[in-house]
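Below you'll find the structure, written out as structure tokens, and then a few comments.
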Amino acid sequence: MDDQMQSLATEMNRGFLQVLVLALLERKMYGYGMIKHLEEAGYRIEENTLYPLLRRLEKNGWIAGDWDVSETRPKKFYVITETGRKVRGHALRLWEEQATTLARVTEVERDV
């Protein structure tokens with residue numbers, strides 16, 4: 001049962017994490033900074049989850065990355081694009097609709 005619960009959590013987190021990253025990148029951030037910011041907000045994410053997601057979002061044109069090589073250790077900073085803002089807005093509307101539907105369904109279940 002634990003494997004099933006972990007699989008469910010992974011699946012549910014996949015979409016949530018995309019929206020979360022798109023919301024975070026309203027300001028320019030680099031990967032490790034995002035991880036720390038999310039940890040401070042109470043959400044843990046592994047590097048091996050975040051970096052593939054960032055590459056995928058960049059490939060989709062939802063975020064843009066730019067290397068800063070001014071310091072001894074180069075960092076790739078990311079920021080949301082206009083397309084990413086549209087995707088984020090659409091995803092948030094879907095999320096709200098789903099939350100409303102879930103609330104209605106669970107309310108009906110409690111009344112039965």
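Residue numbering restarts at 1 in every chain; chains get A, B, ... in the order shown in the structure tokens, and ligands count up from 1 in that same order.
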
Checklist entry - Near region 86-103 of chain A, counting only C-alpha atoms, which residues have an atom at most 10 Å away, once you skip same-chain residues fewer than 4 positions from it, shown as a PyMOL selection string? => result chain A and resi 15-16+18-23+62+80-82+107-109

Output C-alpha atoms for every residue in that selection, as a PDB file, in the first residue's frame.
```pdb
ATOM      1  CA  GLY A  15       1.198  19.064 -12.155  1.00  0.00           C
ATOM      2  CA  PHE A  16       1.333  20.980  -8.906  1.00  0.00           C
ATOM      3  CA  GLN A  18       4.820  22.866 -12.690  1.00  0.00           C
ATOM      4  CA  VAL A  19       2.385  25.523 -11.496  1.00  0.00           C
ATOM      5  CA  LEU A  20       4.494  26.162  -8.396  1.00  0.00           C
ATOM      6  CA  VAL A  21       7.657  26.753 -10.438  1.00  0.00           C
ATOM      7  CA  LEU A  22       5.810  29.002 -12.902  1.00  0.00           C
ATOM      8  CA  ALA A  23       4.532  31.040  -9.952  1.00  0.00           C
ATOM      9  CA  TRP A  62       7.329  28.594 -20.643  1.00  0.00           C
ATOM     10  CA  ILE A  80       8.794  32.975 -16.682  1.00  0.00           C
ATOM     11  CA  THR A  81       7.960  33.959 -20.254  1.00  0.00           C
ATOM     12  CA  GLU A  82       4.725  35.500 -21.515  1.00  0.00           C
ATOM     13  CA  GLU A 107     -20.005  17.908   0.417  1.00  0.00           C
ATOM     14  CA  VAL A 108     -22.570  15.648  -1.243  1.00  0.00           C
ATOM     15  CA  GLU A 109     -20.858  12.586   0.239  1.00  0.00           C
TER      16      GLU A 109
END
```

Checklist entry - Could you pull the residues within 7 Å of Phe77 (chain A), counting only C-alpha atoms, minus those fewer than 2 positions along the same chain, as a ChimeraX atom specification? => result /A:28-30,65-67,75,79

Write a file of the just-selected residues containing N, CA and C atoms, as a tab-separated table (two decimals), in the first residue's frame.
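Contents of selection_36.tsv, freshly written:
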```tsv
chain	number	residue	atom	x	y	z
A	28	LYS	N	13.43	36.44	-11.26
A	28	LYS	CA	14.55	35.62	-11.72
A	28	LYS	C	15.15	34.84	-10.55
A	29	MET	N	15.31	33.52	-10.76
A	29	MET	CA	15.88	32.66	-9.72
A	29	MET	C	16.71	31.57	-10.36
A	30	TYR	N	17.63	31.01	-9.61
A	30	TYR	CA	18.39	29.85	-10.07
A	30	TYR	C	17.92	28.62	-9.29
A	65	GLY	N	16.00	30.63	-19.66
A	65	GLY	CA	17.18	30.52	-18.81
A	65	GLY	C	18.32	31.36	-19.37
A	66	ASP	N	19.13	31.88	-18.44
A	66	ASP	CA	20.26	32.70	-18.84
A	66	ASP	C	21.40	32.46	-17.85
A	67	TRP	N	22.58	32.13	-18.37
A	67	TRP	CA	23.73	31.85	-17.52
A	67	TRP	C	24.36	33.14	-17.02
A	75	LYS	N	25.91	30.24	-12.68
A	75	LYS	CA	24.55	29.87	-12.27
A	75	LYS	C	23.62	30.17	-13.43
A	79	VAL	N	13.44	32.65	-15.63
A	79	VAL	CA	12.33	33.57	-15.43
A	79	VAL	C	11.18	33.12	-16.33
```

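Secondary structure by DSSP on the backbone puts the following residues of chain A in strand (DSSP E): Met29, Tyr30, Ile63, Ala64, Gly65, Asp66, Trp67, Asp68, Lys75, Lys76, Phe77, Tyr78, Val79 and Ile80 of chain A.
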
Checklist entry - How many Å lie between CA of Glu26 (chain A) and CA of Glu71 (chain A), rounded to one decimal? => result 23.4 Å

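For the choices A:Ala64, A:Thr49, A:Arg56, A:Ser70, the atom-to-atom distance to Thr10 (chain A) is smallest for A:Thr49 when using only C-alpha atoms.
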
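When only C-alpha atoms are used to compute distances to Gly61 (chain A), the closest of the residues A:Val105, A:Gly42, A:Tyr78, A:Gln4 turns out to be A:Tyr78.
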
Checklist entry - Where in chain A does DSSP assign helix (DSSP H, G or I), given as number ranges by chain? => result A: 2-24, 31-40, 47-59, 82-111

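Relative to CA of Thr106 (chain A), CA of Met5 (chain A) is found at 20.1 Å.
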
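As for CA of Tyr32 (chain A) and CA of Arg55 (chain A), they are spaced 14.3 Å apart.
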
Item to check | Within 9 Å of Arg44 (chain A) using only C-alpha atoms, minus same-chain residues under 6 positions, as an MDAnalysis selection string | outcome: chainID A and resid 35:36 38

Residues just named, written with C-alpha atoms as a CSV table (one decimal), in the first residue's frame:
```csv
chain,number,residue,atom,x,y,z
A,35,ILE,CA,14.9,24.7,-3.8
A,36,LYS,CA,15.7,26.8,-0.7
A,38,LEU,CA,10.3,26.2,-1.6
```

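Remark: for Leu50 (chain A), the closest of the candidate residues A:Leu8, A:Arg104, A:Asn13, A:Arg27 is A:Asn13 (distances computed over only C-alpha atoms).
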